[in-house]
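**Q** Could you have a look at this structure, given as structure tokens, before my questions?
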Amino acid sequence: MQNLKTIKVLKLVAILLVAGLAVFAHSQRSDGATQGQTARLFEIAGMEMPLEKRVGVDDGAAFVVHFVGDTRGSLDVCG
Amino acid sequence: MLVDTGYFMADERSAHGRLRPDIVTKNDWVMKAYGQFPADVVNVSSHDLRYFADAFAKTEMARRAETEPLFGRLVSANTVDERRGSPALRPFLIREVPSRQKGAKPVRVAFIGLTETTPAPPAGLTFTEPAEAATRAVREARKKADLVVVLAKIGSQQEVARIARETPGIDVIIDGNSVSLEDAFTPPVYVGQTLIVFTPFETMMLGELRFYRNAQGKFTTKQRFIALDETSIPEDPAAKPLVVGATRAEADARSNSRKLLENWLARSRAPVTAKSRDRDSARGESSPGYVTSAACSQCHRPQYMKWTGSAHARATDPLPPRAIEFEAGCLDCHATGSKPASAANKAEMALLQNVQCEQCHGPGSDHVAKPAKGYGRVANMQTACASCHTSETSPGFDLQAAWGKIKH
């Protein structure tokens, strides 16, 4: 149980670290990006946020596409 | 909308490259799950094709789409039916999204599928170069859609970037390239005007693309990734039976394979004797007329000695360590005396362990009862050996070299 918790914390730290680096890297180079498309290229609604905040609010988007991949036959609960 | 970039089926294979029985069971449950919780469009990975291979072979896609909605939602622009020379699946699907502005036309989004070219596809299918296939599909899709989104399962980020560079007209590529925790998250990038986003590792996060339409009708996007974890996301009572059922069915499939092998080993271990044949005959059980190599050795001692040193004499040995992937069909080549099903009879499992003399020379009971020349001649060695030594089971099999080892 403790191990699982540690793995989860490590996963979260890894995600936040990579995300932070990516945001930093993007702020250093914007060549090739569609002009004025996004101030921030992406955002991560992480585990530190309650679920309803992660889902976000209706901000007038025309539509939303959710995407997943590489589930490899797993019906297990994970994340 | 929910879309899937592919590799949604398990692909653990048996020693000879077939999907293991427990994995087929697992995938059957994935099909049930997609029936209950459907995705709008699903790209097919080369891993997924293994499970669908039978459906392709029987050209059952349209028929199955009527009862299994997933079949009607699969896309791949570069998976080609070798015989017909045309795409085996739909290259793209168009989904219409009602506009939120009164009176405005719905937004038409084309989703094109692109499949990675390794591992190799099942027999009868081939892959074409993804960028070329994408170019053709984009040309068609652009005529019918306001936005073109590519769902890709492509090996590397460089390869995806190349496709974006070489294929004008793609608005977004969603690529599933995270197959390990090490590359759990890959940030989105732009290549020219094409946005490339990558699926996070397995179901660690849900990717989200929000599309906004400005006054000029042009689209911009916002990319979000929503962390998923079982502690804060409540259990869905409708999903639980699928999870429980799949786990149980998979374990049962493994257990059944193991039991089937154990039972066969217990039943087949004893050599067939005249006494056991009489007993089986009295019970009305079929008498295959096999006498075992031990009986052959009474007269053919040198040939028997040669056989005892060959891999044929140990052909059953690889089965117990792989008990969870055992199927009756394994005995066709790892044992002696299997009888395939015919119009009149059910298939019969082999009675003798290992590949004994009679697997190639035929049942020997008549010959033992009345020894004479003419018994057991192998008419065509190439055909006889090739029935088991296929490119799948014996890659690189060299008949002459193999015969040199067992010549008798």
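For the structure tokens, the naming scheme is as follows: chains receive sequential letters (A, B, ...) according to their order of presentation, residues are indexed from 1 within each chain, and ligands are indexed from 1 in presentation order.
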Counting only C-alpha atoms, collect the residues of chain A whose closest atom lies at most 6 Å from chain B, and write them out as an MDAnalysis selection string.
**A** chainID A and resid 32:34 37 42:47 54 61:73 75 79
**Q** Taking 6 positions as the minimum chain separation for residues in the same chain, which residues sit within 9 Å of stretch 359-376 of chain B when counting only C-alpha atoms? Answer as a list in words.
**A**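 Contacts, in chain order: Pro288, Gly289, Tyr290, Val291, Thr292, Ala295, Cys296, Cys333, Ala335, Thr336, Gly337, Ser338, Ala384 and Cys385 of chain B.
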**Q** If you keep N, CA and C atoms, can you produce a file of those selected residues as a PDB file, in the first residue's frame?
**A**
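Below is the file again39.pdb, written as the result:
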ATOM      1  N   PRO B 288      -7.028 -45.736 -32.143  1.00  0.00           N
ATOM      2  CA  PRO B 288      -6.315 -45.104 -33.246  1.00  0.00           C
ATOM      3  C   PRO B 288      -5.284 -46.000 -33.906  1.00  0.00           C
ATOM      4  N   GLY B 289      -4.963 -47.130 -33.297  1.00  0.00           N
ATOM      5  CA  GLY B 289      -3.997 -48.026 -33.913  1.00  0.00           C
ATOM      6  C   GLY B 289      -2.560 -47.585 -33.768  1.00  0.00           C
ATOM      7  N   TYR B 290      -2.292 -46.778 -32.767  1.00  0.00           N
ATOM      8  CA  TYR B 290      -0.914 -46.338 -32.523  1.00  0.00           C
ATOM      9  C   TYR B 290      -0.250 -47.292 -31.532  1.00  0.00           C
ATOM     10  N   VAL B 291       1.011 -47.599 -31.783  1.00  0.00           N
ATOM     11  CA  VAL B 291       1.680 -48.589 -30.942  1.00  0.00           C
ATOM     12  C   VAL B 291       2.856 -48.030 -30.146  1.00  0.00           C
ATOM     13  N   THR B 292       3.274 -46.835 -30.428  1.00  0.00           N
ATOM     14  CA  THR B 292       4.398 -46.100 -29.829  1.00  0.00           C
ATOM     15  C   THR B 292       5.735 -46.514 -30.461  1.00  0.00           C
ATOM     16  N   ALA B 295       7.375 -49.845 -29.505  1.00  0.00           N
ATOM     17  CA  ALA B 295       7.021 -51.050 -30.272  1.00  0.00           C
ATOM     18  C   ALA B 295       7.838 -51.117 -31.562  1.00  0.00           C
ATOM     19  N   CYS B 296       8.032 -49.970 -32.197  1.00  0.00           N
ATOM     20  CA  CYS B 296       8.816 -49.936 -33.447  1.00  0.00           C
ATOM     21  C   CYS B 296      10.245 -50.414 -33.196  1.00  0.00           C
ATOM     22  N   CYS B 333       1.306 -30.840 -33.420  1.00  0.00           N
ATOM     23  CA  CYS B 333       2.728 -30.910 -33.771  1.00  0.00           C
ATOM     24  C   CYS B 333       3.650 -31.252 -32.604  1.00  0.00           C
ATOM     25  N   ALA B 335       2.871 -33.701 -30.394  1.00  0.00           N
ATOM     26  CA  ALA B 335       2.492 -35.040 -29.926  1.00  0.00           C
ATOM     27  C   ALA B 335       2.180 -35.905 -31.139  1.00  0.00           C
ATOM     28  N   THR B 336       1.703 -37.078 -30.893  1.00  0.00           N
ATOM     29  CA  THR B 336       1.451 -38.021 -31.998  1.00  0.00           C
ATOM     30  C   THR B 336       0.012 -38.509 -31.983  1.00  0.00           C
ATOM     31  N   GLY B 337      -0.634 -38.433 -33.136  1.00  0.00           N
ATOM     32  CA  GLY B 337      -1.945 -39.061 -33.288  1.00  0.00           C
ATOM     33  C   GLY B 337      -3.130 -38.142 -33.162  1.00  0.00           C
ATOM     34  N   SER B 338      -2.925 -36.827 -33.220  1.00  0.00           N
ATOM     35  CA  SER B 338      -4.096 -35.930 -33.204  1.00  0.00           C
ATOM     36  C   SER B 338      -4.932 -36.193 -34.446  1.00  0.00           C
ATOM     37  N   ALA B 384       5.053 -33.248 -45.848  1.00  0.00           N
ATOM     38  CA  ALA B 384       4.873 -33.830 -44.509  1.00  0.00           C
ATOM     39  C   ALA B 384       5.525 -32.945 -43.444  1.00  0.00           C
ATOM     40  N   CYS B 385       6.758 -32.525 -43.673  1.00  0.00           N
ATOM     41  CA  CYS B 385       7.473 -31.713 -42.670  1.00  0.00           C
ATOM     42  C   CYS B 385       6.846 -30.323 -42.555  1.00  0.00           C
TER      43      CYS B 385
END
**Q** Out of stretch 84-303 of chain B, which residues get strand (DSSP E) from DSSP, as a short mmCIF file (atom, residue, chain, number, x, y, z; two decimals) with C-alpha atoms, in the first residue's frame?
**A**
data_model
loop_
_atom_site.label_atom_id
_atom_site.label_comp_id
_atom_site.auth_asym_id
_atom_site.auth_seq_id
_atom_site.Cartn_x
_atom_site.Cartn_y
_atom_site.Cartn_z
CA SER B 86 -7.47 -1.39 -51.31
CA PRO B 87 -7.78 -0.17 -47.70
CA PHE B 92 -11.30 8.15 -42.23
CA LEU B 93 -14.61 8.86 -40.58
CA ILE B 94 -16.41 12.17 -40.37
CA ARG B 95 -18.18 13.23 -37.24
CA GLU B 96 -20.54 16.16 -37.17
CA VAL B 97 -20.71 18.42 -34.14
CA VAL B 107 -18.77 21.42 -37.67
CA ARG B 108 -17.56 18.42 -39.68
CA VAL B 109 -14.42 16.82 -38.31
CA ALA B 110 -12.58 14.16 -40.30
CA PHE B 111 -10.63 11.60 -38.27
CA ILE B 112 -8.00 9.79 -40.34
CA GLY B 113 -6.30 6.66 -38.97
CA LEU B 114 -2.60 5.88 -39.37
CA THR B 115 -1.11 2.57 -38.28
CA LEU B 125 -2.86 -7.48 -44.86
CA THR B 126 -0.05 -5.08 -45.61
CA PHE B 127 0.90 -1.55 -44.58
CA LEU B 147 -11.17 20.14 -39.74
CA VAL B 148 -8.82 17.22 -40.31
CA VAL B 149 -7.53 15.32 -37.31
CA VAL B 150 -5.17 12.36 -37.70
CA LEU B 151 -5.27 9.60 -35.10
CA ALA B 152 -1.88 7.97 -35.31
CA LYS B 153 -0.06 5.12 -33.71
CA VAL B 172 -4.07 18.16 -35.59
CA ILE B 173 -2.25 14.87 -35.16
CA ILE B 174 -3.03 12.90 -32.01
CA ASP B 175 -0.32 10.29 -31.64
CA VAL B 189 4.47 20.61 -30.48
CA TYR B 190 3.74 22.43 -33.68
CA VAL B 191 5.19 21.44 -37.02
CA THR B 194 -0.06 21.23 -37.62
CA LEU B 195 -0.48 20.74 -33.90
CA ILE B 196 0.84 17.39 -32.64
CA VAL B 197 -0.36 16.11 -29.29
CA PHE B 198 0.59 12.81 -27.69
CA MET B 205 -4.24 11.26 -17.95
CA LEU B 206 -7.08 11.95 -20.32
CA GLY B 207 -6.09 14.19 -23.21
CA GLU B 208 -8.43 17.03 -24.05
CA LEU B 209 -8.50 19.30 -27.09
CA ARG B 210 -10.84 22.25 -26.91
CA PHE B 211 -11.67 23.79 -30.25
CA TYR B 212 -12.74 27.45 -30.46
CA ARG B 213 -14.14 29.11 -33.53
CA PHE B 219 -10.37 27.35 -35.30
CA THR B 220 -7.93 27.63 -32.46
CA THR B 221 -7.28 25.03 -29.78
CA LYS B 222 -6.41 24.62 -26.17
CA GLN B 223 -4.73 21.44 -24.97
CA ARG B 224 -5.45 20.06 -21.55
CA PHE B 225 -4.48 16.86 -19.77
CA ILE B 226 -6.68 15.62 -16.96
CA ALA B 227 -5.07 13.40 -14.34
#
**Q** Rounded to one decimal, what separation in Å do you get between atom CA of B:Gly17 and atom CA of B:Thr118?
**A**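 If I compute the distance from atom CA of B:Gly17 to atom CA of B:Thr118, I get 14.0 Å.
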